[in-house]
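Dropping my_file.cif in here (mmCIF, C-alpha atoms):
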```cif
data_coords
loop_
_atom_site.label_atom_id
_atom_site.label_comp_id
_atom_site.auth_asym_id
_atom_site.auth_seq_id
_atom_site.Cartn_x
_atom_site.Cartn_y
_atom_site.Cartn_z
CA MET H 30 -13.94 -6.45 11.39
CA ILE H 31 -11.81 -3.80 9.64
CA ARG H 32 -9.94 -5.06 6.59
CA LEU H 33 -7.61 -3.62 3.97
CA GLU H 34 -9.77 -3.07 0.89
CA HIS H 35 -7.43 -1.32 -1.55
CA ILE H 36 -4.19 0.60 -1.97
CA GLY H 37 -4.38 3.86 -3.91
CA ILE H 38 -1.53 4.59 -6.34
CA ALA H 39 -1.04 8.04 -7.88
CA VAL H 40 -0.20 7.77 -11.60
CA ARG H 41 0.38 10.17 -14.47
CA ASP H 42 -0.79 7.87 -17.23
CA ALA H 43 -3.18 5.12 -16.15
CA ALA H 44 -2.86 3.26 -19.46
CA ALA H 45 0.91 2.90 -19.03
CA VAL H 46 0.58 1.79 -15.40
CA ALA H 47 -2.25 -0.60 -16.26
CA SER H 48 0.03 -2.20 -18.81
CA LEU H 49 2.80 -2.48 -16.17
CA TYR H 50 0.49 -4.35 -13.75
CA GLU H 51 -0.68 -6.54 -16.60
CA GLN H 52 2.94 -7.63 -16.90
CA LEU H 53 3.41 -8.02 -13.13
CA LEU H 54 0.10 -9.68 -12.21
CA GLY H 55 -1.05 -11.18 -15.48
CA HIS H 56 -4.11 -8.95 -15.81
CA GLY H 57 -5.02 -5.28 -16.03
CA PRO H 58 -7.88 -3.22 -14.53
CA TYR H 59 -11.36 -4.75 -14.35
CA LYS H 60 -13.06 -1.38 -14.28
CA ALA H 61 -12.55 2.36 -14.59
CA GLU H 62 -14.57 5.10 -12.96
CA THR H 63 -14.46 8.88 -12.81
CA VAL H 64 -15.14 10.57 -9.47
CA GLU H 65 -15.63 14.25 -10.37
CA ARG H 66 -15.98 15.35 -6.76
CA GLU H 67 -12.50 14.02 -5.93
CA GLY H 68 -11.01 15.17 -9.26
CA VAL H 69 -9.87 11.67 -10.20
CA ARG H 70 -10.20 8.99 -12.81
CA THR H 71 -9.74 5.58 -11.15
CA HIS H 72 -8.82 2.15 -12.49
CA PHE H 73 -9.24 -0.90 -10.25
CA ILE H 74 -6.99 -3.94 -10.42
CA GLN H 75 -7.66 -7.12 -8.49
CA ALA H 76 -4.53 -8.20 -6.61
CA GLY H 77 -5.81 -11.44 -5.08
CA THR H 78 -6.33 -10.18 -1.53
CA ALA H 79 -6.88 -6.42 -1.72
CA LYS H 80 -7.28 -4.24 -4.83
CA LEU H 81 -5.04 -1.62 -6.38
CA GLU H 82 -6.72 1.68 -7.30
CA LEU H 83 -4.83 3.72 -9.90
CA LEU H 84 -5.56 7.43 -9.43
CA GLU H 85 -5.20 9.81 -12.35
CA ALA H 86 -5.84 13.56 -11.93
CA LEU H 87 -8.75 15.01 -13.90
CA GLY H 88 -7.12 18.47 -13.96
CA PRO H 89 -4.35 20.59 -12.44
CA ASP H 90 -6.44 21.44 -9.35
CA SER H 91 -7.07 17.81 -8.45
CA PRO H 92 -5.52 16.73 -5.12
CA VAL H 93 -3.85 13.92 -7.08
CA ALA H 94 -2.24 16.45 -9.47
CA LYS H 95 -0.84 18.29 -6.47
CA TYR H 96 0.39 15.05 -4.97
CA LEU H 97 2.13 14.09 -8.23
CA GLU H 98 3.80 17.50 -8.39
CA ARG H 99 5.07 17.18 -4.82
CA ARG H 100 5.96 13.49 -4.61
CA GLY H 101 5.80 12.00 -8.11
CA GLU H 102 4.06 8.76 -9.00
CA GLY H 103 3.73 6.17 -6.27
CA LEU H 104 1.81 4.77 -3.31
CA HIS H 105 -0.88 7.26 -2.28
CA HIS H 106 -3.22 5.82 0.38
CA LEU H 107 -4.48 2.74 2.25
CA ALA H 108 -8.22 2.07 2.38
CA PHE H 109 -9.83 0.00 5.12
CA GLU H 110 -13.36 -1.32 4.74
CA VAL H 111 -15.67 -1.15 7.74
CA ASP H 112 -19.20 -2.42 8.31
CA ASP H 113 -20.64 0.89 9.56
CA ILE H 114 -18.80 3.94 8.33
CA HIS H 115 -20.80 6.45 10.41
CA ALA H 116 -20.07 4.53 13.60
CA GLU H 117 -16.40 4.29 12.56
CA MET H 118 -16.18 8.05 12.02
CA GLN H 119 -17.64 8.64 15.47
CA ARG H 120 -15.34 6.05 17.05
CA LEU H 121 -12.27 7.77 15.56
CA ARG H 122 -13.50 11.22 16.62
CA ASP H 123 -13.91 9.89 20.16
CA LEU H 124 -10.27 8.76 19.98
CA GLY H 125 -9.19 12.29 19.03
CA PHE H 126 -8.83 11.96 15.25
CA THR H 127 -10.20 14.65 12.92
CA PRO H 128 -11.55 13.18 9.67
CA LEU H 129 -11.01 15.32 6.55
CA SER H 130 -14.76 15.63 5.90
CA ASP H 131 -17.66 16.27 8.26
CA GLU H 132 -19.57 13.25 6.96
CA PRO H 133 -18.73 10.18 4.87
CA ARG H 134 -19.19 11.04 1.18
CA PRO H 135 -19.62 9.05 -2.04
CA GLY H 136 -16.33 7.75 -3.48
CA ALA H 137 -15.47 5.34 -6.28
CA ASP H 138 -16.65 1.74 -6.44
CA GLY H 139 -20.09 2.28 -4.85
CA LYS H 140 -18.67 3.28 -1.48
CA LEU H 141 -19.06 5.88 1.23
CA ILE H 142 -15.64 7.12 2.27
CA PHE H 143 -13.72 9.46 4.53
CA PHE H 144 -10.04 10.14 5.11
CA LEU H 145 -7.59 10.78 7.92
CA HIS H 146 -4.75 13.19 7.04
CA PRO H 147 -1.20 11.74 7.01
CA LYS H 148 -0.27 14.20 9.77
CA GLN H 149 -2.49 12.18 12.11
CA THR H 150 -1.32 8.77 10.90
CA HIS H 151 2.49 8.81 10.69
CA GLY H 152 2.64 9.79 7.03
CA VAL H 153 -0.02 7.51 5.55
CA LEU H 154 -3.21 8.94 4.05
CA VAL H 155 -5.83 6.53 5.45
CA GLU H 156 -9.27 6.03 3.88
CA PHE H 157 -12.19 4.27 5.51
CA CYS H 158 -14.90 2.94 3.24
CA GLN H 159 -18.18 1.04 3.30
CA SER H 160 -19.86 -0.57 0.29
CA VAL H 161 -23.32 0.88 -0.13
CA ASP H 162 -24.09 0.10 -3.77
CA ALA H 163 -23.50 -3.40 -5.08
CA GLY H 164 -24.71 -2.31 -8.52
CA SER H 165 -21.83 0.02 -9.33
CA MET I 15 -1.64 -16.84 -8.87
CA ILE I 16 0.14 -13.65 -7.78
CA ARG I 17 -1.46 -11.94 -4.77
CA LEU I 18 -0.78 -8.90 -2.64
CA GLU I 19 0.87 -10.23 0.53
CA HIS I 20 1.79 -7.08 2.43
CA ILE I 21 2.36 -3.34 2.27
CA GLY I 22 5.61 -2.01 3.71
CA ILE I 23 5.41 1.22 5.71
CA ALA I 24 8.55 3.17 6.69
CA VAL I 25 8.33 4.38 10.30
CA ARG I 26 10.61 6.23 12.71
CA ASP I 27 9.21 4.69 15.88
CA ALA I 28 7.49 1.34 15.45
CA ALA I 29 5.98 1.42 18.95
CA ALA I 30 4.17 4.68 18.20
CA VAL I 31 2.92 3.44 14.84
CA ALA I 32 1.89 0.08 16.32
CA SER I 33 -0.19 1.96 18.83
CA LEU I 34 -1.77 4.01 16.01
CA TYR I 35 -2.84 0.85 14.12
CA GLU I 36 -4.12 -0.63 17.35
CA GLN I 37 -6.48 2.36 17.46
CA LEU I 38 -7.39 2.08 13.77
CA LEU I 39 -7.73 -1.70 13.42
CA GLY I 40 -8.34 -2.84 16.98
CA HIS I 41 -5.08 -4.79 17.26
CA GLY I 42 -1.34 -4.25 17.04
CA PRO I 43 1.50 -6.31 15.53
CA TYR I 44 1.42 -10.11 15.92
CA LYS I 45 5.17 -10.43 15.53
CA ALA I 46 8.43 -8.52 15.24
CA GLU I 47 11.56 -9.60 13.43
CA THR I 48 14.98 -8.11 12.72
CA VAL I 49 16.47 -8.61 9.25
CA GLU I 50 20.12 -7.57 9.64
CA ARG I 51 20.92 -7.99 5.97
CA GLU I 52 18.27 -5.42 5.00
CA GLY I 53 19.07 -3.16 7.97
CA VAL I 54 15.51 -3.25 9.29
CA ARG I 55 13.44 -4.18 12.30
CA THR I 56 9.96 -5.25 11.11
CA HIS I 57 6.59 -5.47 12.84
CA PHE I 58 3.74 -7.32 11.12
CA ILE I 59 0.10 -6.35 11.52
CA GLN I 60 -2.75 -8.44 10.14
CA ALA I 61 -5.13 -6.23 8.16
CA GLY I 62 -7.78 -8.82 7.24
CA THR I 63 -6.77 -9.36 3.62
CA ALA I 64 -3.09 -8.43 3.31
CA LYS I 65 -0.62 -7.54 6.08
CA LEU I 66 1.08 -4.28 7.02
CA GLU I 67 4.85 -4.49 7.59
CA LEU I 68 6.24 -1.62 9.68
CA LEU I 69 9.88 -0.96 8.74
CA GLU I 70 12.21 0.66 11.24
CA ALA I 71 15.86 1.40 10.34
CA LEU I 72 18.52 -0.46 12.34
CA GLY I 73 21.04 2.32 11.75
CA PRO I 74 21.79 5.44 9.67
CA ASP I 75 23.07 3.38 6.70
CA SER I 76 19.89 1.34 6.42
CA PRO I 77 17.99 1.87 3.15
CA VAL I 78 14.95 2.65 5.31
CA ALA I 79 16.89 5.41 7.14
CA LYS I 80 17.73 6.94 3.78
CA TYR I 81 14.14 6.64 2.65
CA LEU I 82 12.91 8.37 5.84
CA GLU I 83 15.41 11.18 5.33
CA ARG I 84 14.28 11.72 1.74
CA ARG I 85 10.53 11.13 2.00
CA GLY I 86 9.57 10.95 5.66
CA GLU I 87 7.36 8.28 7.19
CA GLY I 88 4.84 6.62 4.90
CA LEU I 89 4.00 3.91 2.39
CA HIS I 90 7.22 2.21 1.26
CA HIS I 91 6.54 -0.85 -0.92
CA LEU I 92 4.03 -3.42 -2.17
CA ALA I 93 4.84 -7.13 -1.84
CA PHE I 94 3.30 -9.78 -4.08
CA GLU I 95 3.48 -13.44 -3.16
CA VAL I 96 4.22 -15.94 -5.90
CA ASP I 97 4.37 -19.74 -5.95
CA ASP I 98 7.84 -20.02 -7.53
CA ILE I 99 10.05 -17.01 -6.94
CA HIS I 100 12.90 -18.22 -9.15
CA ALA I 101 10.55 -18.73 -12.09
CA GLU I 102 9.02 -15.30 -11.38
CA MET I 103 12.43 -13.63 -11.44
CA GLN I 104 13.20 -15.25 -14.77
CA ARG I 105 9.79 -14.34 -16.17
CA LEU I 106 10.33 -10.67 -15.25
CA ARG I 107 13.87 -10.67 -16.69
CA ASP I 108 12.47 -12.04 -19.93
CA LEU I 109 10.03 -9.10 -19.95
CA GLY I 110 12.95 -6.66 -19.63
CA PHE I 111 12.87 -5.90 -15.89
CA THR I 112 16.10 -5.83 -13.86
CA PRO I 113 15.59 -7.14 -10.31
CA LEU I 114 17.65 -5.39 -7.60
CA SER I 115 19.45 -8.62 -6.64
CA ASP I 116 20.92 -11.39 -8.76
CA GLU I 117 19.03 -14.06 -6.87
CA PRO I 118 16.08 -14.13 -4.45
CA ARG I 119 17.40 -13.69 -0.90
CA PRO I 120 16.06 -14.36 2.61
CA GLY I 121 13.74 -11.63 3.89
CA ALA I 122 11.48 -11.31 6.93
CA ASP I 123 8.66 -13.72 7.72
CA GLY I 124 10.33 -16.89 6.41
CA LYS I 125 10.36 -15.72 2.80
CA LEU I 126 12.63 -15.49 -0.19
CA ILE I 127 12.34 -12.05 -1.75
CA PHE I 128 13.53 -9.75 -4.51
CA PHE I 129 12.66 -6.20 -5.52
CA LEU I 130 12.04 -4.13 -8.62
CA HIS I 131 13.25 -0.51 -8.39
CA PRO I 132 10.55 2.22 -8.50
CA LYS I 133 12.18 3.58 -11.68
CA GLN I 134 10.95 0.45 -13.45
CA THR I 135 7.50 0.44 -11.90
CA HIS I 136 6.07 3.98 -12.05
CA GLY I 137 7.28 5.02 -8.61
CA VAL I 138 6.34 1.95 -6.56
CA LEU I 139 9.04 -0.23 -4.98
CA VAL I 140 7.70 -3.73 -5.74
CA GLU I 141 8.73 -6.83 -3.79
CA PHE I 142 8.07 -10.41 -4.85
CA CYS I 143 8.13 -13.07 -2.16
CA GLN I 144 7.63 -16.78 -1.62
CA SER I 145 7.10 -18.48 1.73
CA VAL I 146 9.81 -21.06 2.30
CA ASP I 147 9.73 -21.49 6.09
CA ALA I 148 6.40 -22.02 7.82
CA GLY I 149 8.17 -22.29 11.18
CA SER I 150 9.31 -18.66 11.42
#
```
Final structure tokens representation of the file:
Amino acid sequence: MIRLEHIGIAVRDAAAVASLYEQLLGHGPYKAETVEREGVRTHFIQAGTAKLELLEALGPDSPVAKYLERRGEGLHHLAFEVDDIHAEMQRLRDLGFTPLSDEPRPGADGKLIFFLHPKQTHGVLVEFCQSVDAGS
Amino acid sequence: MIRLEHIGIAVRDAAAVASLYEQLLGHGPYKAETVEREGVRTHFIQAGTAKLELLEALGPDSPVAKYLERRGEGLHHLAFEVDDIHAEMQRLRDLGFTPLSDEPRPGADGKLIFFLHPKQTHGVLVEFCQSVDAGS
């Protein structure tokens, strides 16, 4: 069963946005994590059903930095959790989708992830993820 | 307890996007509803934890039509469900936020809703909602 796991939000200053969600939801992030490979510093906020993932660029070449330049702060992607990410990648390829990586790769929060480009999904960057490391 | 209830997605052609999510999630919308006052036709898709709400403009003056013109199809808003929407509105006013309406008003899905403008929330249009009509 595929389920919405988190919503990624591009931010310029995670501390300021964390403080905003503390006002809105009554609590701030429960963890922060840097993912060098993706060029991001993430902060996770529990939102009752799914999570919010604040995405801060690690440098000017980060995809998030480019996104912020183009679109400003705001909603960045949807992430759906699946039970078998390799099978899911194959299933989507069979349907004609072209994932943005050849294989699932390690993302934040102890997960394997891959993305579909917004051009294939009516404007929404879509991530698929599978938890592989409960200890993270 | 405040919880993420749905994610609004601005779309040009709900049928095409419904068919996309049928491929991604294995099922399409479970209901459609027109909200004249907001100028939108909505389609709701269950995504396991929270819902996706596809937003189609009813006409060129709809806020969603203007959004599509400016930003194209894509993620549009986050909606958080609260137990007492009037108390929530007052709580946010006391914190210095200015909701986009004077009072909560009827939205889709048997709910009372109000919004905070993205200028107040680091680029994310934020809806608060409370279920008031289980029969819808």
Discussion item. Which residues would end up in the selection if the PyMOL selection byres ((chain H) within 6 of (chain I)) were applied here, given that I need the answer as JSON, numbers by chain?
Written reply: {"H": [31, 32, 33, 54, 76, 77, 78, 102, 103, 152, 153]}
Worksheet item: When you draw a straight line from atom CA of H:Glu98 to atom CA of H:Ala86, how long is it in Å?
Response: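 Between atom CA of H:Glu98 and atom CA of H:Ala86 the gap is 11.0 Å.
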Give me the residues within 9 Å of stretch 128-140 of chain H as a PDB file with C-alpha atoms, in the frame of the given file, counting only C-alpha atoms and dropping any in the same chain fewer than 4 places off.
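Done, and the output landed in out.pdb:
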```pdb
ATOM      1  CA  GLU H  62     -14.570   5.100 -12.960  1.00  0.00           C
ATOM      2  CA  THR H  63     -14.460   8.880 -12.810  1.00  0.00           C
ATOM      3  CA  VAL H  64     -15.140  10.570  -9.470  1.00  0.00           C
ATOM      4  CA  ARG H  66     -15.980  15.350  -6.760  1.00  0.00           C
ATOM      5  CA  GLU H  67     -12.500  14.020  -5.930  1.00  0.00           C
ATOM      6  CA  THR H  71      -9.740   5.580 -11.150  1.00  0.00           C
ATOM      7  CA  PHE H  73      -9.240  -0.900 -10.250  1.00  0.00           C
ATOM      8  CA  ILE H 114     -18.800   3.940   8.330  1.00  0.00           C
ATOM      9  CA  HIS H 115     -20.800   6.450  10.410  1.00  0.00           C
ATOM     10  CA  MET H 118     -16.180   8.050  12.020  1.00  0.00           C
ATOM     11  CA  LEU H 121     -12.270   7.770  15.560  1.00  0.00           C
ATOM     12  CA  ARG H 122     -13.500  11.220  16.620  1.00  0.00           C
ATOM     13  CA  PHE H 144     -10.040  10.140   5.110  1.00  0.00           C
ATOM     14  CA  LEU H 145      -7.590  10.780   7.920  1.00  0.00           C
ATOM     15  CA  HIS H 146      -4.750  13.190   7.040  1.00  0.00           C
ATOM     16  CA  PHE H 157     -12.190   4.270   5.510  1.00  0.00           C
ATOM     17  CA  CYS H 158     -14.900   2.940   3.240  1.00  0.00           C
ATOM     18  CA  GLN H 159     -18.180   1.040   3.300  1.00  0.00           C
ATOM     19  CA  SER H 160     -19.860  -0.570   0.290  1.00  0.00           C
ATOM     20  CA  VAL H 161     -23.320   0.880  -0.130  1.00  0.00           C
ATOM     21  CA  ASP H 162     -24.090   0.100  -3.770  1.00  0.00           C
ATOM     22  CA  ALA H 163     -23.500  -3.400  -5.080  1.00  0.00           C
ATOM     23  CA  GLY H 164     -24.710  -2.310  -8.520  1.00  0.00           C
ATOM     24  CA  SER H 165     -21.830   0.020  -9.330  1.00  0.00           C
TER      25      SER H 165
END
```
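Residues matching the PyMOL selection byres ((chain I and resi 72) around 7) in this structure come to Gly53, Val54, Arg55, Glu70, Ala71, Gly73 and Ser76 of chain I.
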Response to the item:
What separates atom CA of I:Pro43 and atom CA of I:Phe128 is a distance of 23.6 Å
Worksheet item: To one decimal place, how far is atom CA of H:Tyr96 from atom CA of H:Glu82 in Å?
Response: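 Between atom CA of H:Tyr96 and atom CA of H:Glu82 the gap is 15.3 Å.
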Discussion item. What's around H:Ala47 at 8 Å? Count only C-alpha atoms, leave out sequence neighbours fewer than 4 positions away in its own chain, and write the answer as an MDAnalysis selection string.
Written reply: chainID H and resid 43 51 57:58
Using C-alpha atoms, give me stretch 22-133 of chain I from the structure I just pasted, as a tab-separated table (two decimals), in the first residue's frame.
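See selection_34.tsv below for the written result:
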```tsv
chain	number	residue	atom	x	y	z
I	22	GLY	CA	-4.02	20.94	-2.50
I	23	ILE	CA	-2.67	20.54	-6.03
I	24	ALA	CA	-3.53	23.03	-8.81
I	25	VAL	CA	-4.33	21.21	-12.06
I	26	ARG	CA	-5.49	22.21	-15.54
I	27	ASP	CA	-7.30	18.97	-16.33
I	28	ALA	CA	-8.43	16.96	-13.32
I	29	ALA	CA	-9.24	13.87	-15.42
I	30	ALA	CA	-5.65	13.68	-16.70
I	31	VAL	CA	-4.19	14.18	-13.23
I	32	ALA	CA	-6.63	11.68	-11.70
I	33	SER	CA	-5.41	9.15	-14.21
I	34	LEU	CA	-1.79	9.95	-13.28
I	35	TYR	CA	-2.44	9.29	-9.57
I	36	GLU	CA	-4.31	6.14	-10.47
I	37	GLN	CA	-1.02	4.97	-12.01
I	38	LEU	CA	1.07	6.17	-9.06
I	39	LEU	CA	-1.16	5.10	-6.15
I	40	GLY	CA	-3.32	2.39	-7.68
I	41	HIS	CA	-6.57	4.33	-7.33
I	42	GLY	CA	-8.15	7.58	-8.46
I	43	PRO	CA	-10.39	10.13	-6.70
I	44	TYR	CA	-13.12	8.86	-4.36
I	45	LYS	CA	-15.22	11.99	-4.78
I	46	ALA	CA	-15.57	15.24	-6.68
I	47	GLU	CA	-17.15	18.45	-5.45
I	48	THR	CA	-17.68	21.95	-6.81
I	49	VAL	CA	-17.15	24.89	-4.45
I	50	GLU	CA	-18.65	27.87	-6.31
I	51	ARG	CA	-17.60	30.39	-3.69
I	52	GLU	CA	-13.92	29.47	-4.14
I	53	GLY	CA	-14.25	29.09	-7.92
I	54	VAL	CA	-12.99	25.50	-7.90
I	55	ARG	CA	-13.94	21.98	-8.83
I	56	THR	CA	-12.19	19.56	-6.44
I	57	HIS	CA	-11.32	15.87	-6.66
I	58	PHE	CA	-10.19	14.05	-3.51
I	59	ILE	CA	-7.71	11.17	-3.57
I	60	GLN	CA	-6.91	9.10	-0.50
I	61	ALA	CA	-3.14	8.84	-0.07
I	62	GLY	CA	-3.00	6.55	2.98
I	63	THR	CA	-2.18	9.17	5.59
I	64	ALA	CA	-3.41	12.52	4.28
I	65	LYS	CA	-5.51	13.23	1.16
I	66	LEU	CA	-4.67	14.93	-2.12
I	67	GLU	CA	-7.16	17.58	-3.30
I	68	LEU	CA	-6.97	18.31	-7.03
I	69	LEU	CA	-8.07	21.90	-7.72
I	70	GLU	CA	-9.45	22.83	-11.11
I	71	ALA	CA	-10.52	26.43	-11.88
I	72	LEU	CA	-14.21	26.98	-12.64
I	73	GLY	CA	-13.42	30.05	-14.75
I	74	PRO	CA	-10.71	32.59	-15.62
I	75	ASP	CA	-11.38	34.68	-12.49
I	76	SER	CA	-10.89	31.76	-10.12
I	77	PRO	CA	-7.90	32.15	-7.77
I	78	VAL	CA	-6.75	28.75	-9.05
I	79	ALA	CA	-6.81	30.03	-12.68
I	80	LYS	CA	-4.61	32.92	-11.61
I	81	TYR	CA	-2.30	30.59	-9.76
I	82	LEU	CA	-1.97	28.32	-12.83
I	83	GLU	CA	-1.19	31.33	-15.01
I	84	ARG	CA	1.53	32.52	-12.63
I	85	ARG	CA	3.07	29.22	-11.49
I	86	GLY	CA	1.70	26.43	-13.66
I	87	GLU	CA	0.36	23.13	-12.35
I	88	GLY	CA	1.72	21.93	-9.03
I	89	LEU	CA	1.54	21.91	-5.24
I	90	HIS	CA	-0.84	24.65	-4.09
I	91	HIS	CA	-1.50	24.49	-0.33
I	92	LEU	CA	-1.27	22.49	2.90
I	93	ALA	CA	-4.40	21.99	5.01
I	94	PHE	CA	-4.28	21.28	8.73
I	95	GLU	CA	-7.32	19.97	10.56
I	96	VAL	CA	-8.11	21.39	13.98
I	97	ASP	CA	-10.76	20.54	16.57
I	98	ASP	CA	-12.10	24.10	17.00
I	99	ILE	CA	-11.54	26.33	14.00
I	100	HIS	CA	-12.87	29.50	15.66
I	101	ALA	CA	-10.50	29.07	18.60
I	102	GLU	CA	-7.67	28.36	16.14
I	103	MET	CA	-8.38	31.55	14.21
I	104	GLN	CA	-8.30	33.55	17.42
I	105	ARG	CA	-5.12	31.82	18.60
I	106	LEU	CA	-3.36	32.71	15.32
I	107	ARG	CA	-4.61	36.32	15.45
I	108	ASP	CA	-3.21	36.60	18.97
I	109	LEU	CA	0.14	35.43	17.56
I	110	GLY	CA	0.05	38.23	14.96
I	111	PHE	CA	-1.20	36.33	11.89
I	112	THR	CA	-3.91	37.84	9.66
I	113	PRO	CA	-6.23	35.16	8.23
I	114	LEU	CA	-7.48	35.80	4.67
I	115	SER	CA	-11.14	35.87	5.78
I	116	ASP	CA	-12.81	37.48	8.78
I	117	GLU	CA	-14.50	34.24	9.76
I	118	PRO	CA	-14.10	30.56	8.85
I	119	ARG	CA	-16.23	29.81	5.78
I	120	PRO	CA	-17.64	26.66	4.16
I	121	GLY	CA	-15.13	24.82	1.97
I	122	ALA	CA	-15.14	21.46	0.22
I	123	ASP	CA	-15.61	18.15	2.00
I	124	GLY	CA	-18.05	19.36	4.67
I	125	LYS	CA	-15.53	21.64	6.34
I	126	LEU	CA	-15.18	25.14	7.70
I	127	ILE	CA	-11.93	26.65	6.48
I	128	PHE	CA	-9.68	29.69	6.52
I	129	PHE	CA	-6.29	30.48	5.01
I	130	LEU	CA	-3.04	32.20	5.88
I	131	HIS	CA	-1.35	33.98	2.95
I	132	PRO	CA	2.04	32.60	1.82
I	133	LYS	CA	3.61	35.97	2.68
```
